[in-house]
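All remarks here apply to the structure that follows.
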Amino acid sequence: MAGGKIRKEKPSSRGAPSSNHYQGGISFHKSKGQHILKNPLLVDSIVQKSGIKSTDVVLEIGPGTGNLTKKLLEAGKMVVAIELDPRMVLELQRRFQGTAFSNRLKVIQGDVLKTDLPYFDICVANIPYQISSPLTFKLLNHQPSFRCAIIMFQREFAMRLVAQPGDTLYCRLSVNTQLYARVSHLLKVGKNNFRPPPKVDSSVVRIEPRKPRPQVNPKEWDGFIRICFIRKNKTLGSIFRIKNVLSMLEKNYKTLQALQQLQNGSSGSTNAEMDILGLGESKEDRSMDMDDGTDDEMEVEDGDADGEASEFKQKVLAVLKERDYSEKRSSKLSQEEFLHLLSQFNMAGIHFS
């Protein structure tokens with residue numbers, strides 16, 4: 001498929017059960033995220049919901065044996081398919097060689113996460129689920145911006161992408177993705193629609209990049225959102241009283257002040273173009289998102305300290321007092337509220353990167 005590593009398979013001993021599944025003589029490996037759509041009605045539905053125009057260049061990631069590719073070629077002007085597995089590349093070439101589609105299909109062999117993406121109008125993909133997060137932000141970072149992406153994700157990941165404030169699955173991934181795109185759930189897909197069937201159900205999601213791209217420094221935004229979601233069900237007032245958080249922010253504050261003096265008062269914050277690849281999630285991020293709201297052992301500033309530390313703490317808390325942010329929780333904060341709070345911190349000279 002499109003991501004992950006290809007390893008040579010050791011021949012299995014005679015009579016041993018195999019976890020590989022076959023189509024047209026090609027074996028599929030679950031360990032590589034190879035789950036091929038076998039339901040033609042579902043393939044038709046995905047293409048129909050994609051809204052492909054006859055003039056569109058379509059990017060397909062992980063085409064496999066080409067079941068979806070054929071329908072995309074029928075709908076669009078050209079299909080660029082990125083496939084990691086050389087066996088699948090050969091199968092695609094054989095399938096469309098000598099057909100009316102052969103000059104409208106370009107196959108790129110490689111890892112999509114390491115490949116420079118070509119120009120495309122729309123992306124349609126059934127991807128290996130282990131690359132869901134990095135691929136999402138690679139697409140959102142792509143320029144020039146495309147019209148939309150229709151992608152098959154593992155259902156839980158998809159529901160976190162589309163989660164809204166107050167939803168159980170609302171998390172850093174939801175906030176970061178929705179900053180740069182409008183995300184909507186299109187349809188749920190049962191695991192029996194694939195060969196071999198995955199362990200969990202899937203969902204098809206539509207991702208439509210916001211135009212123009214929000215004028216936010218990605219590193220500044222990421223640092224801010226990471227702090228807010230340390231414990232998403234705790235109040236922001238509690239989170240910003242944590243000693244490590246205050247210490248980090250104060251260090252940034254003093255560094256920025258020193259830089260401003262060196263640069264004759266020029267701002268240390270910039271909205272210059274920066275990539276957003278770092279906004280994806282890791283396993284550690286997911287553990288934070290599962291916050292159950294219980295108390296933890298994080299050390300909290302008790303307010304008894306004197307001098308600069310206490311003064312800086314009051315500066316931070318003063319920002320949180322506006323609109324009662326100190327009593328609000330990240331799990332219920334809207335995109336607009338996050339943006340407003342970040343701007344208020346920046347106006348007070350408090351930065352997160």
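Each chain in the structure tokens gets a letter, A, B, ..., in the order shown, and its residues are numbered from 1; ligands are numbered from 1 in order too.
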
- For range 34-49 of chain A, please output as a PyMOL selection string all residues within 9 Å (counting only C-alpha atoms; exclusion window: fewer than 5 positions along the same chain). chain A and resi 1+28-29+62-65+67-68+71-72+75+124+126-128+150+186-187+189+192-198+204+206

For the contact check between range 180-238 of chain A and range 330-335 of chain A, emit one row per residue of range 180-238 of chain A within 12 Å, containing the shortest atom pair and the distance in Å rounded to one decimal, counting only C-alpha atoms, chain then rising number order, as a Markdown table.
```
| residue | atom | partner | partner_atom | distance |
| --- | --- | --- | --- | --- |
| A:Tyr180 | CA | A:Gln335 | CA | 10.7 |
| A:Ala181 | CA | A:Gln335 | CA | 11.6 |
| A:Arg182 | CA | A:Gln335 | CA | 11.8 |
| A:Pro214 | CA | A:Gln335 | CA | 11.7 |
| A:Trp221 | CA | A:Gln335 | CA | 11.6 |
| A:Phe224 | CA | A:Ser330 | CA | 11.3 |
| A:Ile225 | CA | A:Ser330 | CA | 8.9 |
| A:Arg226 | CA | A:Ser330 | CA | 10.5 |
| A:Ile227 | CA | A:Ser330 | CA | 9.8 |
| A:Cys228 | CA | A:Ser330 | CA | 6.0 |
| A:Phe229 | CA | A:Ser330 | CA | 6.3 |
| A:Ile230 | CA | A:Ser330 | CA | 9.3 |
| A:Arg231 | CA | A:Ser330 | CA | 8.1 |
| A:Lys232 | CA | A:Ser330 | CA | 5.0 |
| A:Asn233 | CA | A:Ser331 | CA | 5.8 |
| A:Lys234 | CA | A:Ser330 | CA | 7.6 |
| A:Thr235 | CA | A:Ser330 | CA | 7.4 |
| A:Leu236 | CA | A:Ser330 | CA | 7.1 |
| A:Gly237 | CA | A:Ser330 | CA | 10.8 |
| A:Ser238 | CA | A:Ser330 | CA | 11.4 |
```

- Distance query range 310-325 of chain A at most 10 Å, only C-alpha atoms, self and fewer than 4 positions along chain excluded, as a PyMOL selection string: chain A and resi 235-237+240-241+243+246-247+249-250+253+301-306+329-330+333+337-338+341-342+344-350

- Message: With distances taken over only C-alpha atoms, which residue among A:Leu117, A:Cys148, A:Val183, A:Ala100 lies nearest Arg160 in chain A?
- Response: A:Val183

- Message: Nearest residue to Thr55 in chain A out of A:Ile122, A:Leu84, A:Leu90, A:Leu113, using only C-alpha atoms?
- Response: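 Under the stated criterion, the closest residue is A:Ile122.
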
- Query: Out of A:Arg104, A:Lys188, A:Lys138, A:Lys114, which residue has the shortest atom-to-atom distance to Met152 in chain A when counting only C-alpha atoms?
  - Reply: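 That would be A:Lys188, the residue with the smallest distance to Met152 in chain A.
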
- Note on the structure: Residue with the minimum atom-to-atom distance to Gly278 in chain A, picked from A:Ile207, A:Glu327, A:Ser133, A:Leu179 with only C-alpha atoms counted, is A:Ser133

- Task: Give the strand (DSSP E or B) residues of range 21-119 of chain A, as assigned by DSSP on the backbone, as a list in words.
- Result: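 The residues of range 21-119 of chain A classed as strand (DSSP E or B) are His21, Tyr22, Gln23, Ile26, Ser27, Phe28, Ile36, Leu37, Val57, Val58, Leu59, Glu60, Ile61, Met78, Val79, Val80, Ala81, Ile82, Glu83, Leu105, Lys106, Val107, Ile108 and Gln109 of chain A.
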
Could you dump the residues just selected with N, CA and C atoms as a short mmCIF file (atom, residue, chain, number, x, y, z; two decimals), in the first residue's frame?
```
data_model
loop_
_atom_site.label_atom_id
_atom_site.label_comp_id
_atom_site.auth_asym_id
_atom_site.auth_seq_id
_atom_site.Cartn_x
_atom_site.Cartn_y
_atom_site.Cartn_z
N HIS A 21 -4.07 -13.05 2.43
CA HIS A 21 -5.29 -13.23 1.65
C HIS A 21 -4.95 -12.92 0.20
N TYR A 22 -5.70 -13.52 -0.71
CA TYR A 22 -5.31 -13.45 -2.11
C TYR A 22 -6.38 -12.83 -2.98
N GLN A 23 -5.92 -12.15 -4.04
CA GLN A 23 -6.80 -11.67 -5.10
C GLN A 23 -5.99 -11.66 -6.38
N ILE A 26 -2.28 -12.37 -5.90
CA ILE A 26 -1.49 -11.48 -5.04
C ILE A 26 -1.93 -11.64 -3.60
N SER A 27 -0.97 -11.82 -2.71
CA SER A 27 -1.30 -11.95 -1.29
C SER A 27 -1.29 -10.57 -0.64
N PHE A 28 -2.23 -10.35 0.28
CA PHE A 28 -2.32 -9.10 1.03
C PHE A 28 -1.91 -9.35 2.47
N ILE A 36 -8.00 -4.44 0.98
CA ILE A 36 -8.52 -4.04 -0.32
C ILE A 36 -10.04 -3.99 -0.29
N LEU A 37 -10.61 -2.90 -0.79
CA LEU A 37 -12.07 -2.80 -0.89
C LEU A 37 -12.58 -3.83 -1.90
N VAL A 57 -7.59 16.29 -11.72
CA VAL A 57 -6.47 15.38 -11.50
C VAL A 57 -6.69 14.78 -10.11
N VAL A 58 -6.79 13.46 -10.04
CA VAL A 58 -7.10 12.78 -8.79
C VAL A 58 -5.86 12.09 -8.24
N LEU A 59 -5.56 12.33 -6.98
CA LEU A 59 -4.47 11.64 -6.29
C LEU A 59 -5.06 10.47 -5.52
N GLU A 60 -4.57 9.26 -5.80
CA GLU A 60 -4.99 8.09 -5.04
C GLU A 60 -3.79 7.55 -4.28
N ILE A 61 -3.98 7.32 -3.01
CA ILE A 61 -2.90 6.81 -2.16
C ILE A 61 -3.23 5.37 -1.76
N MET A 78 -7.38 12.56 -14.93
CA MET A 78 -6.14 11.80 -14.76
C MET A 78 -6.05 11.32 -13.32
N VAL A 79 -5.42 10.17 -13.11
CA VAL A 79 -5.20 9.65 -11.77
C VAL A 79 -3.70 9.47 -11.55
N VAL A 80 -3.20 10.03 -10.45
CA VAL A 80 -1.83 9.81 -10.01
C VAL A 80 -1.91 8.91 -8.78
N ALA A 81 -1.38 7.70 -8.90
CA ALA A 81 -1.49 6.72 -7.81
C ALA A 81 -0.12 6.50 -7.18
N ILE A 82 -0.06 6.61 -5.85
CA ILE A 82 1.19 6.38 -5.12
C ILE A 82 1.07 5.06 -4.36
N GLU A 83 1.96 4.12 -4.66
CA GLU A 83 1.89 2.77 -4.10
C GLU A 83 3.27 2.32 -3.66
N LEU A 105 -3.23 7.33 -16.46
CA LEU A 105 -2.84 6.81 -15.15
C LEU A 105 -1.33 6.91 -14.99
N LYS A 106 -0.90 7.57 -13.92
CA LYS A 106 0.51 7.66 -13.58
C LYS A 106 0.71 7.00 -12.23
N VAL A 107 1.58 6.00 -12.20
CA VAL A 107 1.82 5.26 -10.95
C VAL A 107 3.21 5.63 -10.42
N ILE A 108 3.25 6.06 -9.16
CA ILE A 108 4.51 6.40 -8.49
C ILE A 108 4.76 5.36 -7.40
N GLN A 109 5.88 4.65 -7.50
CA GLN A 109 6.21 3.69 -6.46
C GLN A 109 7.02 4.38 -5.37
#
```

- Would you list the contacts of Thr177 in chain A as a PyMOL selection string, taking every protein, DNA or RNA residue within 9 Å and counting only C-alpha atoms, but skipping same-chain residues closer than 5 positions in sequence? chain A and resi 136-137+140+161-162+172+182-183+207+279-280

- Query: In Å, with one decimal, what is the gap from CA of Ile276 in chain A to CA of His340 in chain A?
  - Reply: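 Computing the Euclidean distance for CA of Ile276 in chain A and CA of His340 in chain A yields 19.9 Å.
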
- CA of Ile151 in chain A to CA of Ile131 in chain A: how many Å, to one decimal? 11.9 Å

- Would you mind telling me which residue in A:Asp85, A:Asp201, A:Asp275, A:Asp56 lies nearest to Glu156 in chain A when using only C-alpha atoms? A:Asp201

- Message: So that I can check the secondary structure, give me every residue of range 128-335 of chain A assigned helix (DSSP H, G or I) by backbone DSSP, as a VMD selection string.
- Response: chain A and resid 129 to 141 155 to 162 172 to 180 191 to 193 218 to 228 236 to 239 243 to 262 277 to 279 283 to 289 307 to 327 330 to 332 335

- Task: Grab the CA of Lys191 in chain A to CA of Asp167 in chain A distance for me, in Å with one decimal place.
- Result: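 Separation of CA of Lys191 in chain A and CA of Asp167 in chain A: 24.5 Å.
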
- Query: Counting only C-alpha atoms, what is within 12 Å of Pro144 in chain A, bar same-chain residues fewer than 4 positions away, as a list in words?
  - Reply: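 Close residues of Pro144 in chain A: Leu117, Pro118, Tyr119, Phe120, Asp121, Ile122, Leu139, Leu140, Pro209, Lys211, Pro212 and Arg213 of chain A.
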